[in-house]
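Peer 1: Just dropping this structure here.
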Amino acid sequence: MTTDITTIGMIVGLMLMAVPLYAFHRLGAKMITSTMTATARMVVQLFLIGLYLRYLFEYNSSLVNILWVGVMVIVAAFTAAHRTGIKRQLIVMPLCVGLMASAMAVGMYFLVLVLRLAHPFDARYFVPIMGILMGNMLGVNVMALNTYYDSMHREQSLYYYLLGNGATHFEAVRPFVSRAIEKAFAPCVANMAVMGIVSLPGTMIGQLLGGSLPGIAIKYQIMIIVITFTASMLSLVITLIIADRRSFDSFGRIIDVMRRK
């Protein structure tokens, strides 16, 4: 049985934020206001989502659960578009398709074929798994899209050089795609390599604190890493394929895809 955290315990725990805030102040980092705002938003949003999930779990409607995932996809797509600085009309739709298709494909594979659930849309499993996938896919897509479009605009001469020497469009953009994938997935691979020795992942710790046996927690953690890694790659590939058609004109010339600041 998990030990609950009292209101006083939460207040005492949140007081730890005074340490980084004081460091920001002493070192002159202009992050105090943004950190305090982000912390307040995090607390309010998580408590609200906790209240919502309580009723979502009790109602447990497959249609409502899928609609909720749809909302998550839309919010994630607009968040990614904002963080990349790419024009929303160009990137939001590819992101929505990539995130939704990957989350459903990999998530249902895990729920149906790995967990062998009779009811894979059960809110207790479906919503958390989709949430984990969405969070990881969002971070990877933002990093990769930023790298891809930045390098493409910065090194257009290489792209046109490759085209001029007989390369297909895919062959010309492949160096930029490879660079984006390497930068986005390098932290994931590095964390995977030291997991269990240098660090204990949050999902596994949460299960252990919740009373799960270590063996079960470990198996779940291994599968979480596998499905998040796979879904992130799949979503990025789908997003880039769709976005690519909107990023070049009929002559293969890259168009202006970045928002004006």
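Please note that chains go A, B, ... in the order of the structure tokens, that every chain numbers its residues from 1, and that ligands are numbered from 1 in the order shown.
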Please list as a PyMOL selection string every residue within 8 Å of range 249-260 of chain A, counting only C-alpha atoms and excluding residues in the same chain fewer than 2 positions away.
Peer 2: chain A and resi 85-87+90+169+246-247
Peer 1: Go ahead and save the picked residues with C-alpha atoms, as a tab-separated table (two decimals), in the first residue's frame.
Peer 2:
```tsv
chain	number	residue	atom	x	y	z
A	85	GLY	CA	9.03	27.97	-34.51
A	86	ILE	CA	7.75	26.31	-37.69
A	87	LYS	CA	4.62	27.76	-39.24
A	90	LEU	CA	2.62	23.57	-42.15
A	169	HIS	CA	15.00	14.34	-53.34
A	246	ARG	CA	4.69	20.94	-47.60
A	247	SER	CA	8.27	22.18	-47.23
```
Peer 1: What's around range 122-130 of chain A at 8 Å? Count only C-alpha atoms, leave out sequence neighbours fewer than 6 positions away in its own chain, and write the answer as number ranges by chain.
Peer 2: A: 56-57, 60-62, 65, 69, 103-104, 107, 111
Peer 1: Skip Ile238 in chain A itself and residues of its chain fewer than 5 positions away, then list as a PyMOL selection string all residues within 9 Å of it, counting only C-alpha atoms.
Peer 2: chain A and resi 94-95+97-99+101-102+233+243
Peer 1: Which of these residues is nearest to Pro120 in chain A, using only C-alpha atoms: A:Met108, A:Val64, A:Ala80, A:Ile224?
Peer 2: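 That would be A:Met108, the residue with the smallest distance to Pro120 in chain A.
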Peer 1: So which residues touch range 71-78 of chain A within 9 Å, counting only C-alpha atoms, skipping near sequence neighbours fewer than 3 positions away, as number ranges by chain?
Peer 2: A: 66-68, 81-83, 88, 91-97, 99-100, 130-131, 134-135, 138
Peer 1: Select from range 44-251 of chain A everything DSSP, run on the backbone, classes as helix (DSSP H, G or I), then give the selection as an MDAnalysis selection string.
Peer 2: chainID A and resid 44:59 62:84 88:114 123:154 156:164 169:194 202:209 214:247
Peer 1: Within 8 Å of range 141-154 of chain A, counting only C-alpha atoms, which residues show up once you throw out same-chain ones fewer than 2 positions away? Write them as a PyMOL selection string, please.
Peer 2: chain A and resi 80-81+83-84+137-139+156+159+176-177+179-181+183-184+232+235-236
Peer 1: Under the rule that only C-alpha atoms are counted, which of A:Ala38, A:Pro20, A:Gly196, A:Ile5 is the nearest residue to Pro214 in chain A?
Peer 2: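 The closest residue to Pro214 in chain A is A:Gly196.
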Peer 1: Could you go through range 9-256 of chain A and tell me which residues DSSP, when run on the backbone, assigns to strand (DSSP E or B), listing them as number ranges by chain?
Peer 2: A: 86, 195, 199, 248, 254
Peer 1: Generate a file of the selected residues that holds C-alpha atoms, formatted as a PDB file, in the first residue's frame.
Peer 2:
```pdb
ATOM      1  CA  ILE A  86       7.750  26.311 -37.692  1.00  0.00           C
ATOM      2  CA  MET A 195      19.548   2.550 -16.911  1.00  0.00           C
ATOM      3  CA  SER A 199      19.832   5.735 -12.729  1.00  0.00           C
ATOM      4  CA  PHE A 248       9.356  22.134 -50.891  1.00  0.00           C
ATOM      5  CA  ILE A 254      12.748  24.622 -49.985  1.00  0.00           C
TER       6      ILE A 254
END
```
